[in-house]
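Chemist: target-v1.txt is reproduced below (compact mmCIF, C-alpha atoms).
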# COMPACT_ATOMS: atom_id res chain seq x y z
CA MET A 24 21.32 -6.22 12.28
CA GLY A 25 21.27 -2.54 11.64
CA ARG A 26 19.29 -0.15 13.69
CA TRP A 27 16.83 1.96 11.76
CA ARG A 28 18.52 5.26 12.34
CA ALA A 29 19.16 8.29 10.23
CA GLU A 30 22.60 8.06 8.75
CA ASP A 31 24.12 11.27 9.85
CA ASP A 32 26.86 12.50 7.58
CA GLY A 33 27.46 15.41 9.90
CA SER A 34 25.43 18.01 8.04
CA VAL A 35 21.92 19.14 8.84
CA GLU A 36 21.30 19.71 5.11
CA ASN A 37 21.76 16.04 4.43
CA SER A 38 19.76 14.69 7.34
CA ASP A 39 16.95 12.35 6.31
CA GLU A 40 14.38 14.93 7.35
CA ALA A 41 16.00 17.69 5.26
CA LEU A 42 16.25 15.36 2.27
CA CYS A 43 12.58 14.48 2.62
CA ARG A 44 11.67 18.16 2.55
CA ARG A 45 13.73 18.53 -0.61
CA VAL A 46 11.94 15.53 -2.15
CA ALA A 47 8.68 17.38 -1.50
CA GLU A 48 10.10 20.15 -3.72
CA ARG A 49 10.83 17.49 -6.37
CA ASP A 50 14.57 17.39 -5.81
CA GLU A 51 15.57 14.20 -7.64
CA ALA A 52 19.05 14.10 -6.11
CA ALA A 53 17.57 14.13 -2.61
CA PHE A 54 15.24 11.28 -3.58
CA ASP A 55 18.16 9.28 -4.96
CA LEU A 56 20.08 9.80 -1.74
CA LEU A 57 17.17 8.61 0.42
CA VAL A 58 16.71 5.56 -1.81
CA GLU A 59 20.40 4.81 -1.45
CA ARG A 60 20.23 5.11 2.32
CA TYR A 61 17.07 3.14 2.92
CA ARG A 62 16.74 0.61 0.12
CA GLU A 63 18.55 -2.23 1.88
CA ARG A 64 16.65 -1.78 5.11
CA ALA A 65 13.38 -1.49 3.19
CA TRP A 66 14.13 -4.67 1.27
CA ARG A 67 15.17 -6.56 4.39
CA LEU A 68 12.12 -5.53 6.39
CA ALA A 69 9.66 -6.13 3.52
CA TRP A 70 11.15 -9.55 2.96
CA SER A 71 11.06 -10.37 6.68
CA ILE A 72 7.36 -9.55 6.89
CA LEU A 73 6.32 -11.03 3.54
CA ARG A 74 8.85 -13.85 3.04
CA ASP A 75 8.29 -13.58 -0.67
CA ALA A 76 11.08 -12.04 -2.73
CA GLU A 77 8.86 -10.80 -5.55
CA ALA A 78 6.31 -9.28 -3.21
CA ALA A 79 9.07 -7.73 -1.10
CA ARG A 80 10.59 -6.16 -4.21
CA ASP A 81 7.24 -4.69 -5.27
CA VAL A 82 6.37 -3.44 -1.81
CA SER A 83 9.78 -1.91 -1.13
CA GLN A 84 9.55 -0.04 -4.46
CA ASP A 85 5.96 0.98 -3.65
CA ALA A 86 7.13 2.49 -0.39
CA PHE A 87 9.66 4.68 -2.20
CA ILE A 88 7.09 5.73 -4.81
CA ARG A 89 4.76 6.68 -1.98
CA LEU A 90 7.61 8.52 -0.29
CA TYR A 91 8.14 10.53 -3.49
CA GLU A 92 4.44 11.33 -3.82
CA ALA A 93 3.73 12.04 -0.16
CA ALA A 94 6.97 13.69 0.95
CA GLY A 95 5.03 16.95 1.34
CA SER A 96 2.88 15.40 4.04
CA PHE A 97 5.90 14.56 6.22
CA ALA A 98 5.34 17.02 9.03
CA GLY A 99 8.65 16.41 10.74
CA ARG A 100 7.06 15.64 14.10
CA ALA A 101 8.43 12.08 14.04
CA ARG A 102 11.78 11.00 12.69
CA PHE A 103 11.86 10.39 8.96
CA SER A 104 12.81 6.76 9.56
CA THR A 105 9.66 6.18 11.65
CA TRP A 106 7.51 7.84 9.00
CA PHE A 107 9.07 5.82 6.19
CA TYR A 108 8.80 2.67 8.25
CA ARG A 109 5.09 3.32 8.59
CA LEU A 110 4.69 3.64 4.80
CA LEU A 111 6.54 0.40 4.31
CA VAL A 112 4.93 -1.69 7.04
CA ASN A 113 1.45 -0.51 6.02
CA ARG A 114 2.14 -1.66 2.50
CA CYS A 115 3.39 -5.01 3.75
CA LEU A 116 0.29 -5.49 5.90
CA ASP A 117 -1.97 -4.43 3.01
CA HIS A 118 -0.23 -6.91 0.76
CA ARG A 119 -0.69 -9.73 3.26
CA ARG A 120 -4.34 -8.78 3.72
CA ARG A 121 -4.96 -8.80 -0.04
CA ASN A 122 -3.32 -12.20 -0.43
CA ARG A 123 -4.80 -13.75 2.68
CA TRP A 124 -7.05 -16.26 0.90
CA TRP A 125 -4.34 -17.38 -1.43
CA ARG A 126 -1.95 -17.92 1.48
CA LEU A 127 -4.56 -19.82 3.47
CA TRP A 128 -5.17 -22.09 0.51
CA ALA A 129 -1.46 -22.62 -0.13
CA ARG A 130 -0.87 -23.35 3.53
CA ASP A 131 -3.75 -25.81 3.70
CA GLU A 132 -2.26 -27.68 0.77
CA GLY A 133 1.03 -28.31 2.49
CA GLU A 134 0.24 -28.34 6.17
CA ALA A 135 -1.25 -30.54 8.80
CA PRO A 136 -4.30 -29.27 10.71
CA GLY A 137 -1.99 -28.19 13.51
CA GLY A 138 -0.37 -25.67 11.19
CA GLU A 139 2.88 -27.55 10.70
CA THR A 140 4.49 -27.84 7.30
CA LEU A 141 5.22 -31.19 5.70
CA LEU A 142 8.86 -30.79 6.66
CA GLU A 143 7.93 -30.13 10.27
CA ARG A 144 5.76 -33.25 10.36
CA GLN A 145 8.79 -35.43 9.84
CA PRO A 146 9.90 -37.07 13.08
CA ALA A 147 12.33 -34.75 14.84
CA PRO A 148 15.62 -36.14 16.07
CA ALA A 149 16.13 -36.22 19.82
CA TYR A 150 17.02 -32.69 20.87
CA ASP A 151 20.55 -32.29 22.10
CA PRO A 152 21.42 -28.75 23.19
CA GLY A 153 25.01 -29.31 22.18
CA ASP A 154 24.09 -30.42 18.69
CA ALA A 155 24.57 -27.59 16.21
CA LEU A 156 22.24 -29.22 13.70
CA SER A 157 19.45 -29.45 16.25
CA ARG A 158 20.00 -25.82 17.18
CA GLU A 159 19.82 -24.88 13.55
CA GLN A 160 16.61 -26.84 13.17
CA ALA A 161 15.18 -25.22 16.26
CA VAL A 162 15.97 -21.78 14.86
CA SER A 163 14.40 -22.74 11.51
CA ALA A 164 11.29 -23.93 13.33
CA LEU A 165 11.24 -20.71 15.31
CA TRP A 166 11.29 -18.53 12.20
CA ALA A 167 8.77 -20.78 10.49
CA ALA A 168 6.54 -20.12 13.49
CA VAL A 169 7.20 -16.38 13.09
CA ASP A 170 5.96 -16.75 9.50
CA ARG A 171 2.68 -18.15 10.76
CA LEU A 172 1.99 -15.39 13.24
CA PRO A 173 -0.87 -13.00 12.47
CA PRO A 174 0.45 -10.07 10.38
CA ARG A 175 0.58 -7.43 13.10
CA GLN A 176 2.19 -9.75 15.65
CA ARG A 177 4.71 -10.71 13.04
CA ALA A 178 5.42 -7.08 12.20
CA VAL A 179 5.94 -6.32 15.89
CA VAL A 180 8.34 -9.25 16.32
CA THR A 181 10.27 -8.27 13.19
CA LEU A 182 10.52 -4.62 14.18
CA GLN A 183 11.62 -5.60 17.66
CA ALA A 184 14.02 -8.46 16.92
CA GLN A 185 15.42 -7.37 13.58
CA GLU A 186 15.29 -3.61 13.63
CA GLU A 187 15.65 -3.33 17.41
CA LEU A 188 12.95 -0.69 17.68
CA SER A 189 11.65 0.18 21.12
CA THR A 190 8.03 -0.37 22.08
CA ALA A 191 7.39 3.38 21.67
CA GLU A 192 8.91 3.39 18.19
CA ILE A 193 6.92 0.32 17.13
CA ALA A 194 3.74 1.97 18.41
CA ASP A 195 4.63 5.02 16.31
CA VAL A 196 5.17 2.93 13.20
CA LEU A 197 1.98 0.89 13.62
CA LYS A 198 -0.03 3.90 14.82
CA CYS A 199 -1.29 2.14 17.93
CA SER A 200 -0.74 2.45 21.66
CA GLN A 201 2.29 1.05 23.45
CA ALA A 202 -0.06 -1.17 25.43
CA THR A 203 -1.28 -2.71 22.15
CA VAL A 204 2.30 -3.34 21.05
CA ARG A 205 3.04 -5.04 24.37
CA VAL A 206 0.01 -7.29 23.99
CA HIS A 207 0.98 -8.23 20.40
CA LEU A 208 4.53 -8.96 21.50
CA HIS A 209 3.44 -10.95 24.53
CA ARG A 210 1.07 -13.12 22.46
CA ALA A 211 3.61 -13.61 19.69
CA LEU A 212 6.38 -14.67 22.07
CA LYS A 213 4.01 -16.98 23.91
CA THR A 214 3.18 -18.72 20.62
CA LEU A 215 6.85 -18.95 19.65
CA ARG A 216 7.77 -20.33 23.04
CA ARG A 217 5.14 -23.05 22.70
CA THR A 218 6.58 -23.93 19.28
CA LEU A 219 10.05 -24.43 20.75
CA GLU A 220 8.74 -26.38 23.72
CA LYS A 221 6.87 -28.77 21.43
CA ARG A 222 10.11 -29.82 19.76
CA MET B 5 0.00 -11.94 44.93
CA ALA B 6 -0.78 -9.07 42.59
CA ASP B 7 -1.72 -9.76 38.93
CA HIS B 8 1.14 -11.25 36.96
CA PRO B 9 2.78 -8.48 34.89
CA LYS B 10 2.63 -10.57 31.71
CA THR B 11 2.80 -7.82 29.11
CA ASP B 12 5.33 -5.83 31.13
CA LEU B 13 7.93 -8.59 31.11
CA VAL B 14 9.42 -7.83 27.67
CA PRO B 15 9.61 -4.05 28.25
CA TYR B 16 11.13 -4.87 31.67
CA LEU B 17 13.77 -7.10 30.08
CA ARG B 18 14.52 -4.44 27.48
CA GLY B 19 14.81 -1.70 30.09
CA GLU B 20 11.91 0.30 28.68
CA LEU B 21 9.79 0.68 31.80
CA ALA B 22 9.57 3.83 33.87
CA PRO B 23 11.43 3.52 37.22
CA ALA B 24 8.25 2.99 39.25
CA ASP B 25 6.98 0.26 36.91
CA ARG B 26 10.39 -1.33 36.79
CA ALA B 27 10.50 -1.52 40.58
CA ARG B 28 6.97 -2.98 40.66
CA VAL B 29 7.86 -5.74 38.16
CA ALA B 30 11.15 -6.47 39.96
CA ARG B 31 9.30 -6.84 43.28
CA HIS B 32 6.82 -9.18 41.66
CA LEU B 33 9.54 -11.34 40.12
CA GLU B 34 11.21 -11.76 43.48
CA GLY B 35 8.11 -13.41 44.86
CA CYS B 36 6.77 -15.22 41.79
CA PRO B 37 8.73 -18.23 40.47
CA GLU B 38 6.26 -18.64 37.59
CA CYS B 39 6.96 -15.14 36.27
CA ARG B 40 10.69 -15.55 36.86
CA GLU B 41 10.59 -18.63 34.67
CA ASP B 42 8.56 -16.76 32.06
CA ALA B 43 11.02 -13.87 32.12
CA ALA B 44 14.00 -16.19 31.70
CA ALA B 45 12.34 -17.99 28.78
CA LEU B 46 11.37 -14.71 27.11
CA HIS B 47 14.87 -13.38 27.57
CA GLY B 48 16.29 -16.47 25.85
CA LEU B 49 13.73 -16.23 23.06
CA ILE B 50 14.40 -12.54 22.39
CA GLU B 51 18.14 -13.23 22.32
CA THR B 52 17.68 -16.12 19.91
CA LEU B 53 15.42 -14.10 17.62
CA GLY B 54 17.83 -11.17 17.58
CA ARG B 55 20.82 -13.41 16.79
CA SER B 56 19.20 -15.57 14.17
CA VAL B 57 17.29 -13.20 11.88
CA PRO B 58 17.41 -14.93 8.49
CA PRO B 59 19.15 -12.78 5.88
CA PRO B 60 17.01 -11.76 2.90
CA PRO B 61 17.89 -13.25 -0.48
CA ALA B 62 20.43 -11.41 -2.61
CA ILE B 63 18.98 -8.79 -4.89
CA HIS B 64 20.23 -7.16 -8.07
CA TRP B 65 20.16 -3.51 -7.01
CA GLY B 66 20.63 -2.14 -10.51
CA ARG B 67 17.51 -3.93 -11.71
CA TRP B 68 15.58 -2.98 -8.57
CA ARG B 69 16.48 0.70 -9.07
CA ALA B 70 15.58 0.60 -12.78
CA GLU B 71 12.19 -0.92 -11.95
CA LEU B 72 11.57 1.72 -9.31
CA THR B 73 12.35 4.49 -11.79
CA ALA B 74 10.16 2.91 -14.48
CA ARG B 75 7.23 2.45 -12.11
CA ARG B 76 7.52 5.98 -10.77
CA ASP B 77 7.66 7.41 -14.30
CA ALA B 78 4.67 5.28 -15.34
CA ARG B 79 2.65 6.60 -12.42
CA ARG B 80 3.62 10.15 -13.22
CA GLY B 81 2.78 9.65 -16.89
CA ARG B 82 -0.59 8.06 -16.18
CA HIS B 83 -2.20 11.20 -14.86
CA ALA B 84 0.35 13.83 -15.49
CA TRP B 85 -0.13 14.82 -19.14
CA TRP B 86 -3.29 16.77 -18.47
CA TRP B 87 -2.35 17.68 -14.93
CA ARG B 88 0.87 19.48 -15.84
CA PRO B 89 0.58 23.30 -15.72
CA VAL B 90 0.76 24.06 -19.46
CA PRO B 91 -1.77 21.47 -20.72
CA LEU B 92 -4.00 22.34 -17.80
CA ALA B 93 -3.93 26.05 -18.71
CA LEU B 94 -4.55 25.26 -22.38
CA SER B 95 -7.45 22.95 -21.56
CA ALA B 96 -8.99 25.57 -19.30
CA SER B 97 -8.64 28.26 -21.99
CA LEU B 98 -10.21 26.02 -24.62
CA ALA B 99 -13.10 25.12 -22.34
CA GLY B 100 -13.64 28.82 -21.57
CA ALA B 101 -13.63 29.78 -25.25
CA LEU B 102 -16.18 27.07 -26.07
CA LEU B 103 -18.39 28.26 -23.25
CA VAL B 104 -18.28 31.84 -24.54
CA LEU B 105 -19.20 30.64 -28.05
CA VAL B 106 -22.14 28.66 -26.77
CA VAL B 107 -23.47 31.43 -24.54
CA LEU B 108 -22.96 34.41 -26.84
CA GLY B 109 -23.36 32.67 -30.19
CA GLY B 110 -20.79 32.45 -32.94
CA PRO B 111 -19.83 35.60 -34.83
CA GLY B 112 -20.07 36.10 -38.63
CA THR B 113 -21.61 33.90 -41.31
CA PRO B 114 -22.94 30.51 -40.49
CA THR B 115 -20.57 27.62 -41.10
CA GLY B 116 -21.43 24.24 -42.58
CA ASN B 117 -21.95 22.89 -39.10
CA ASP B 118 -24.37 25.69 -38.25
CA LEU B 119 -26.42 24.98 -41.42
CA ALA B 120 -26.56 21.32 -40.55
CA VAL B 121 -27.93 22.22 -37.14
CA VAL B 122 -30.65 24.43 -38.71
CA GLU B 123 -31.58 21.67 -41.14
CA GLN B 124 -31.83 19.15 -38.34
CA THR B 125 -34.10 21.50 -36.40
CA LEU B 126 -36.47 21.90 -39.38
CA LEU B 127 -36.54 18.17 -39.97
CA GLY B 128 -37.33 17.70 -36.32
CA ARG B 129 -40.30 20.00 -36.65
CA ARG B 130 -41.55 18.14 -39.73
CA LEU B 131 -41.25 14.87 -37.90
CA GLU B 132 -44.09 16.17 -35.78
CA LEU B 133 -46.30 15.74 -38.88
CA LEU B 134 -45.50 12.05 -39.12
CA ARG B 135 -47.38 11.52 -35.93
CA GLN B 136 -50.49 12.49 -37.94
CA LEU B 137 -49.71 10.40 -41.02
CA SER B 138 -53.34 9.91 -42.04
CA VAL B 139 -53.85 13.68 -42.22
CA VAL B 140 -50.68 14.06 -44.27
CA GLU B 141 -51.83 11.34 -46.65
CA ARG B 142 -55.17 13.08 -47.12
CA LEU B 143 -53.42 16.36 -47.73
CA GLU B 144 -51.28 14.67 -50.35
CA LEU B 145 -54.41 13.17 -52.00
CA LEU B 146 -56.01 16.64 -52.15
CA GLU B 147 -52.81 17.97 -53.61
CA ASP B 148 -52.82 15.24 -56.25
CA LEU B 149 -56.48 15.98 -57.14
CA ASP B 150 -55.64 19.64 -57.43
CA ILE B 151 -52.81 18.83 -59.83
CA ILE B 152 -55.13 16.61 -61.94
CA ARG B 153 -57.67 19.42 -62.12
CA GLN B 154 -54.93 21.77 -63.24
CA LEU B 155 -53.90 19.24 -65.88
CA ASP B 156 -57.50 19.21 -67.20
CA ARG B 157 -57.42 22.97 -67.51
CA LEU B 158 -54.02 22.79 -69.22
CA ALA B 159 -55.45 20.25 -71.71
CA ALA B 160 -58.52 22.48 -72.38
CA ALA B 161 -56.32 25.53 -72.90
CA SER B 162 -54.05 23.73 -75.36
CA GLU B 163 -57.11 22.52 -77.33
CA GLY B 164 -58.59 26.04 -77.35
For the structure just supplied, provide its representation as structure tokens.

Modeler:
Amino acid sequence: MGRWRAEDDGSVENSDEALCRRVAERDEAAFDLLVERYRERAWRLAWSILRDAEAARDVSQDAFIRLYEAAGSFAGRARFSTWFYRLLVNRCLDHRRRNRWWRLWARDEGEAPGGETLLERQPAPAYDPGDALSREQAVSALWAAVDRLPPRQRAVVTLQAQEELSTAEIADVLKCSQATVRVHLHRALKTLRRTLEKR
Amino acid sequence: MADHPKTDLVPYLRGELAPADRARVARHLEGCPECREDAAALHGLIETLGRSVPPPPAIHWGRWRAELTARRDARRGRHAWWWRPVPLALSASLAGALLVLVVLGGPGTPTGNDLAVVEQTLLGRRLELLRQLSVVERLELLEDLDIIRQLDRLAAASEG
């Protein structure tokens, strides 16, 4: 998985931060270049948090529209990637918040009271660590459990596991303290661990 | 035994703690089998998560880019026609000119619109009379009697 870093082509003029400043001056070429650099990571992260291709497409586009409109407010104190991440993750969390009731309803339709999906309610085969299929199922169950985490815990896990951001960087993106990030991560991992142990 | 460093375990495993905190957690782990077990399980979990991130579905980038452009243009178009510099300047000039006309009054001869306004004002004043309809009716009766009297005189004059 790629690290969320500025792609340095060796010139200061083409750094992400410089391009963002040019976007603020309505430089279309600079915007195109930033879209090119960040679209795949934006899509991947939006999809990881939302797990809905259509929503991820909308939200990833929204983040770039917001980037275009708000490029002037990028102060350059943080890295561009952190700032853009914040735009994107905020939009993902907003989207999840807006669709909370729908998701709750949809989940209730297909899940047992314990929060397991119909698929997960099927009797599991005896777990054999050497069995690739069991491992695959365990991984699927793990990511299904990630899907069920509260939005901010899920965002923290995704940023940490997928984008390999440090606690400080995640705190920057989510605009919270590092202690809060640690608590989110601790609770999320505890839940995920329980999920694996139950199998 | 000091408090278990629960929330410090992941930063410890990822090498993010300051040296003093790192040493504190390491000391604790040496003497706490429960936390050692937790740390080992978390380490395995983080490794598994990092290795097994599900790939997103494939996407048609050309379509995605075209949609982005269309949505951005639509947003610009929605509020931009009056917000662009030239229409904004024109709108401001027009508003200013109208204000001057209203405050100072229009120059030259009255236009059709001006006459209509005068007429409406007069009508408005007459409407005041309708509130005293009985008086108006009496006035009209007196007027009618006056006309009849005049007719009598006209008849007498024509006979004479």

Chemist: Please report as a ChimeraX atom specification which residues of chain A come no farther than 9 Å from chain B, using all atoms listed in the file.

Modeler: /A:24,58,62,66-68,70-71,74,76,80-81,84-85,87-88,91,162-163,165-166,180-181,183-187,189-191,202,205-210,212-213,215-216

Chemist: Ranking A:Ile72, A:Leu219, A:Cys199, A:Ala101 by minimum distance to Asp39 of chain A and counting all atoms listed in the file, which one comes first?

Modeler: A:Ala101

Chemist: Atom CA of Pro37 of chain B to atom CA of Ala211 of chain A: how many Å, to one decimal?

Modeler: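 Separation between atom CA of Pro37 of chain B and atom CA of Ala211 of chain A: 21.9 Å.
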
Chemist: Could you state the separation of atom CA of Ala41 of chain A and atom CA of Ala86 of chain A in Å, given to one decimal place?

Modeler: 18.5 Å

Chemist: Would you mind listing what lies within 12 Å of Asp50 of chain A as a ChimeraX atom specification, with all atoms listed in the file counted and same-chain residues fewer than 6 positions away left out?

Modeler: /A:41-44,56-57,91-92,94-95

Chemist: For atom CA of Arg100 of chain A and atom CA of Arg175 of chain A, determine how far apart the two atoms are, in Å to one decimal place.

Modeler: 24.0 Å
